Structure formats: C-alpha cells, structure tokens
Amino acid sequence: MSMFDKPILVFQTDFTYAEGAVSSMYGVVKTVDRELEIFDGTHQIPQYDTWSASYRLYQSLQFWPKGTIYVSVVDPGVGTRRRACVAKTVDGYYVVTPDNGALTHVKKYIGIEAVREIDESVNRLQSTRGVAIFHGRDLFGYTAARLASGIIDFEGVGPEYPVEEIVEHPIYEPDVREGCVKGYFEINDPNFGNLWTNIPLEAFQSAGFHYGDMVNVSICHDGTEVFRQRVLFHQSFGFAQKGDPMIYNNELMKVAMAVSQGSMCKKYGLNFGPEWTVVFTK
C-alpha cells in the first residue's frame with residue numbers, strides 16, 4: 001500500500017506548541033510508518049474543554065477526504081477509567097479520542113456507525129508503559145498510526161461497545177417563532193472574537209428575518225441583560241460599518257455575531273456557553 005492509499009492523520013489538542021508534546025506524538029506516528037501524512041487541525045483548544053474539542057472536530061472533519069483518521073486529544077481524565085476509543089462515522093471517517101464528550105457533535109450531526117475501546121495490551125507504546133499522563137502520544141497517536149498504516153483494521157482496535165454509551169454533552173435547540181428567535185452562543189471564533197449561535201440560518205429566515213434587516217438583539221449572561229442594540233443582519237462583514245456589531249451567516253450555516261473589523265467578545269465583554277443567551281426580535 002503506497003502512501004497515497006493510506007489515510008491522512010489530522011491532530012487537534014489543547015497542548016499548544018509551547019513544549020514538545022505535539023512533536024512527540026508525531027514522532028511516534030513516523031516511527032510506526034514513515035509514509036503517513038500528518039496535518040494539524042488545531043493545538044489551541046481551550047485547556048480541558050471537551051465541548052470545544054467536540055465542536056472543532058465537527059467543524060472541520062467533514063471537509064477532509066473520506067477515510068481520514070482524526071485524532072482529538074483534550075483529556076482532563078487522562079490515566080483514569082474514562083474510555084479511550086476509536087469511532088467510525090456513518091460516512092467513513094475515524095475519530096481517535098477519549099470518550100469524554102468529544103464525540104458529541106459528530107454523533108448528533110454526522111452519525112457514528114460503531115465505536116471500539118482501544119485495547120491497551122496491544123495498541124499502546126510499550127516503551128513508555130509506566131507513563132499514565134500522555135495518552136496522546138502513547139495511546140491515541142500510536143493507535144491511529146497503526147490503523148492508518150494497515151497494521152490493524154478497525155476490529156483490531158479493541159472490543160466494540162454500544163454507540164448509545166458514548167459520553168455526550170447536552171446540545172440545546174433554539175426557540176423559533178414568527179418574529180422572535182431565542183438561542184445561545186455555543187462557541188466563538190477566538191482569533192476574530194466572533195460568537196456563533198446554535199440557530200440555523202434556515203430557522204432564522206423562517207422566523208421572518210432577511211438580509212438587510214435591522215434586528216433587535218438582547219444578550220443575557222445568567223439571566224442578566226448585558227447587551228441591547230438594533231443590529232444589521234447581512235451576509236458578510238463588509239456590509240456593516242467598521243466597528244459596528246452585526247449578525248451574519250457563519251461557515252456552518254448558523255447565525256453568528258461579529259464586530260466589523262473588531263472583536264465582539266472584547267468590545268462587549270461577551271463569551272460563549274449555555275449561560276450566554278441571545279434573543280433576536282423584529
């Protein structure tokens with residue numbers, strides 16, 4: 001099997017590049033098989049944030065070639081009884097990850113066909129078997145490399161367990177009515193300070209909102225209103241004046257908010273999570 005027949009490996013972690021963790025993981029992969037291609041998703045997931053790991057996985061997985069093996073390591077429970085697993089999606093991708101909520105969005109929006117717990121007696125780097133705190137290197141990266149190289153197949157990962165037992169975060173649905181939509185900010189764009197809601201564009205438009213409208217926006221944190229303005233709803237940032245807030249359709253076809261050439265998070269002191277609710281009215 002040539003390198004072009006082997007699955008691509010994509011890694012995302014909360015490790016950053018501040019020390020050698022990422023390099024060590026990639027070294028293990030290349031030790032298993034020099035031909036394997038490795039790419040970065042991101043290594044700047046917020047520390048211990050398995051919700052963000054789940055969202056970023058869903059955000060990018062679908063744009064990689066079918067068969068890609070995505071390794072997601074945000075693992076606050078490393079070394080404990082939480083499951084280490086490989087999930088196979090209904091459309092032919094594999095996700096190697098701790099089963100700690102990181103599969104939430106993939107399971108809901110893509111679908112998981114089967115999941116297997118990694119058998120550490122076989123699929124673990126034996127030279128570091130005394131280490132319990134670096135499964136990204138010793139378990140996840142190593143298993144992903146063995147799977148991608150063809151040393152093991154999916155059945156060789158370890159015992160299958162029911163998809164229904166996958167650990168999931170709660171996902172909240174928006175409240176959509178004529179002229180009024182209620183939701184919350186489920187994630188941010190950390191580089192630009194945009195905030196993405198859980199409201200699909202189609203639902204927003206079905207409630208009567210159209211590009212070019214000025215929309216009443218109320219944002220609350222734990223029930224206390226922290227933002228109230230009339231805000232432009234449009235397709236892209238350039239339709240708003242520099243420094244003005246706006247509502248737009250993000251890359252996942254959901255309603256989001258930004259400041260044109262600025263940061264919504266920084267300018268107004270906002271963040272994401274179920275306690276950050278937003279109401280749009282005509």
# chains A, B, ... in the order shown; residues from 1 in each chain; ligands from 1
call {"tool": "select_by_dssp", "arguments": {"residues": "range 57-266 of chain A", "states": "strand (DSSP E)", "output": "PyMOL selection string"}}
result
chain A and resi 69-73+84-89+94-98+112-117+160-161+175-177+180-189+194-200+214-221+224-233+245-249+254-259
call {"tool": "select_by_dssp", "arguments": {"residues": "range 44-173 of chain A", "states": "alpha helix (DSSP H)", "output": "ChimeraX atom specification"}}
result
/A:50-61,104-109,135,142-149
call {"tool": "write_last_selection", "arguments": {"atoms": "N, CA, C and O atoms", "output": "compact mmCIF listing (two decimals), in the first residue's frame"}}
result
# COMPACT_ATOMS: atom_id res chain seq x y z
N THR A 50 -13.63 19.90 26.62
CA THR A 50 -14.07 18.82 25.74
C THR A 50 -15.24 19.24 24.85
O THR A 50 -15.45 18.66 23.79
N TRP A 51 -16.01 20.25 25.26
CA TRP A 51 -17.07 20.80 24.40
C TRP A 51 -16.45 21.42 23.15
O TRP A 51 -16.88 21.14 22.03
N SER A 52 -15.45 22.28 23.34
CA SER A 52 -14.80 22.91 22.19
C SER A 52 -14.11 21.86 21.30
O SER A 52 -14.12 21.99 20.08
N ALA A 53 -13.54 20.84 21.92
CA ALA A 53 -12.93 19.77 21.13
C ALA A 53 -13.97 19.12 20.23
O ALA A 53 -13.73 18.85 19.05
N SER A 54 -15.15 18.87 20.78
CA SER A 54 -16.23 18.26 20.01
C SER A 54 -16.67 19.16 18.86
O SER A 54 -16.86 18.71 17.72
N TYR A 55 -16.83 20.45 19.16
CA TYR A 55 -17.30 21.38 18.13
C TYR A 55 -16.27 21.54 17.01
O TYR A 55 -16.61 21.51 15.82
N ARG A 56 -15.00 21.70 17.35
CA ARG A 56 -13.96 21.89 16.33
C ARG A 56 -13.79 20.63 15.48
O ARG A 56 -13.50 20.73 14.28
N LEU A 57 -13.99 19.48 16.08
CA LEU A 57 -13.94 18.23 15.33
C LEU A 57 -15.03 18.22 14.27
O LEU A 57 -14.77 17.94 13.09
N TYR A 58 -16.25 18.52 14.67
CA TYR A 58 -17.37 18.57 13.72
C TYR A 58 -17.16 19.66 12.67
O TYR A 58 -17.47 19.48 11.49
N GLN A 59 -16.60 20.79 13.10
CA GLN A 59 -16.41 21.92 12.20
C GLN A 59 -15.53 21.57 11.00
O GLN A 59 -15.78 22.02 9.87
N SER A 60 -14.51 20.75 11.20
CA SER A 60 -13.53 20.52 10.14
C SER A 60 -13.52 19.11 9.56
O SER A 60 -13.10 18.91 8.41
N LEU A 61 -13.98 18.11 10.31
CA LEU A 61 -13.87 16.72 9.86
C LEU A 61 -14.46 16.50 8.48
O LEU A 61 -13.86 15.85 7.61
N THR A 104 -19.60 14.38 20.81
CA THR A 104 -20.98 14.86 20.89
C THR A 104 -21.51 15.33 19.54
O THR A 104 -22.57 14.87 19.07
N HIS A 105 -20.83 16.27 18.91
CA HIS A 105 -21.35 16.88 17.68
C HIS A 105 -21.27 15.93 16.49
O HIS A 105 -22.18 15.92 15.64
N VAL A 106 -20.20 15.16 16.42
CA VAL A 106 -20.09 14.19 15.33
C VAL A 106 -21.22 13.17 15.42
O VAL A 106 -21.83 12.81 14.42
N LYS A 107 -21.51 12.70 16.62
CA LYS A 107 -22.59 11.72 16.77
C LYS A 107 -23.94 12.31 16.37
O LYS A 107 -24.73 11.66 15.67
N LYS A 108 -24.21 13.54 16.79
CA LYS A 108 -25.53 14.14 16.53
C LYS A 108 -25.70 14.57 15.08
O LYS A 108 -26.75 14.33 14.46
N TYR A 109 -24.68 15.20 14.50
CA TYR A 109 -24.86 15.84 13.19
C TYR A 109 -24.31 15.03 12.02
O TYR A 109 -24.68 15.28 10.87
N HIS A 135 -1.48 10.00 27.07
CA HIS A 135 -2.12 9.08 26.15
C HIS A 135 -2.18 9.62 24.73
O HIS A 135 -2.35 8.85 23.78
N TYR A 142 -0.37 6.51 18.75
CA TYR A 142 0.16 5.20 18.39
C TYR A 142 -0.91 4.34 17.71
O TYR A 142 -0.68 3.74 16.66
N THR A 143 -2.12 4.30 18.29
CA THR A 143 -3.21 3.52 17.71
C THR A 143 -3.62 4.07 16.35
O THR A 143 -3.85 3.31 15.40
N ALA A 144 -3.70 5.39 16.23
CA ALA A 144 -4.06 6.00 14.95
C ALA A 144 -3.05 5.64 13.87
O ALA A 144 -3.43 5.34 12.72
N ALA A 145 -1.77 5.64 14.22
CA ALA A 145 -0.74 5.30 13.24
C ALA A 145 -0.85 3.83 12.82
O ALA A 145 -0.70 3.50 11.63
N ARG A 146 -1.12 2.94 13.76
CA ARG A 146 -1.26 1.52 13.43
C ARG A 146 -2.48 1.29 12.54
O ARG A 146 -2.43 0.48 11.60
N LEU A 147 -3.55 2.03 12.79
CA LEU A 147 -4.75 1.91 11.97
C LEU A 147 -4.52 2.46 10.57
O LEU A 147 -4.88 1.84 9.57
N ALA A 148 -3.88 3.62 10.48
CA ALA A 148 -3.63 4.24 9.18
C ALA A 148 -2.66 3.44 8.33
O ALA A 148 -2.77 3.39 7.10
N SER A 149 -1.70 2.81 8.97
CA SER A 149 -0.67 2.07 8.23
C SER A 149 -1.16 0.70 7.77
O SER A 149 -0.51 0.06 6.94
call {"tool": "closest_residue", "arguments": {"among": "A:Leu270, A:Val90, A:Val231, A:Met264", "to": "Ala114 in chain A", "atoms": "only C-alpha atoms"}}
result
A:Val90
call {"tool": "closest_residue", "arguments": {"among": "A:Met214, A:Ile166, A:Val95, A:Ala258", "to": "Asn188 in chain A", "atoms": "only C-alpha atoms"}}
result
A:Ala258
call {"tool": "closest_residue", "arguments": {"among": "A:Lys267, A:Lys182, A:Lys254, A:Lys242", "to": "Pro200 in chain A", "atoms": "only C-alpha atoms"}}
result
A:Lys254
call {"tool": "closest_atom_pairs", "arguments": {"of": "range 64-97 of chain A", "to": "range 19-41 of chain A", "cutoff": "12 Å", "atoms": "only C-alpha atoms", "output": "tab-separated table"}}
result
residue	atom	partner	partner_atom	distance
A:Trp64	CA	A:Gly41	CA	10.6
A:Thr68	CA	A:Glu37	CA	10.3
A:Ile69	CA	A:Ile38	CA	9.8
A:Tyr70	CA	A:Gly41	CA	8.7
A:Val71	CA	A:Gly41	CA	9.1
A:Ser72	CA	A:Gly41	CA	9.0
A:Val73	CA	A:Val22	CA	10.6
call {"tool": "write_last_selection", "arguments": {"atoms": "N, CA and C atoms", "output": "PDB file, in the first residue's frame"}}
result
ATOM      1  N   TRP A  64     -12.381  16.961   5.116  1.00  0.00           N
ATOM      2  CA  TRP A  64     -11.228  16.130   4.790  1.00  0.00           C
ATOM      3  C   TRP A  64     -11.663  14.954   3.932  1.00  0.00           C
ATOM      4  N   THR A  68     -10.214   9.694   6.326  1.00  0.00           N
ATOM      5  CA  THR A  68      -9.281  10.411   7.210  1.00  0.00           C
ATOM      6  C   THR A  68      -9.456   9.950   8.662  1.00  0.00           C
ATOM      7  N   ILE A  69      -8.339   9.837   9.356  1.00  0.00           N
ATOM      8  CA  ILE A  69      -8.344   9.483  10.779  1.00  0.00           C
ATOM      9  C   ILE A  69      -8.032  10.744  11.577  1.00  0.00           C
ATOM     10  N   TYR A  70      -8.992  11.199  12.341  1.00  0.00           N
ATOM     11  CA  TYR A  70      -8.856  12.440  13.111  1.00  0.00           C
ATOM     12  C   TYR A  70      -8.548  12.080  14.559  1.00  0.00           C
ATOM     13  N   VAL A  71      -7.446  12.590  15.070  1.00  0.00           N
ATOM     14  CA  VAL A  71      -7.035  12.326  16.442  1.00  0.00           C
ATOM     15  C   VAL A  71      -7.320  13.579  17.276  1.00  0.00           C
ATOM     16  N   SER A  72      -8.228  13.455  18.227  1.00  0.00           N
ATOM     17  CA  SER A  72      -8.625  14.592  19.061  1.00  0.00           C
ATOM     18  C   SER A  72      -8.266  14.281  20.505  1.00  0.00           C
ATOM     19  N   VAL A  73      -7.326  15.058  21.058  1.00  0.00           N
ATOM     20  CA  VAL A  73      -6.853  14.783  22.412  1.00  0.00           C
ATOM     21  C   VAL A  73      -7.024  16.017  23.291  1.00  0.00           C
TER      22      VAL A  73
END
call {"tool": "closest_residue", "arguments": {"among": "A:Gln62, A:Thr281, A:Asn194, A:Ser127", "to": "Gly269 in chain A", "atoms": "only C-alpha atoms"}}
result
A:Asn194
call {"tool": "closest_residue", "arguments": {"among": "A:Phe239, A:Tyr211, A:Trp276, A:Phe192", "to": "Gln261 in chain A", "atoms": "only C-alpha atoms"}}
result
A:Phe192
call {"tool": "closest_residue", "arguments": {"among": "A:Glu275, A:Glu168, A:Glu113, A:Asp99", "to": "Asp75 in chain A", "atoms": "only C-alpha atoms"}}
result
A:Asp99
call {"tool": "atom_distance", "arguments": {"atom1": "CA of Thr42 in chain A", "atom2": "CA of Thr13 in chain A"}}
result
6.5 Å
call {"tool": "residues_around", "arguments": {"residues": "Phe185 in chain A", "least_positions_apart": "6", "cutoff": "10 Å", "atoms": "only C-alpha atoms", "output": "ChimeraX atom specification"}}
result
/A:194-199,219,255-257,270-278
call {"tool": "atom_distance", "arguments": {"atom1": "CA of Cys220 in chain A", "atom2": "CA of Leu103 in chain A"}}
result
28.4 Å
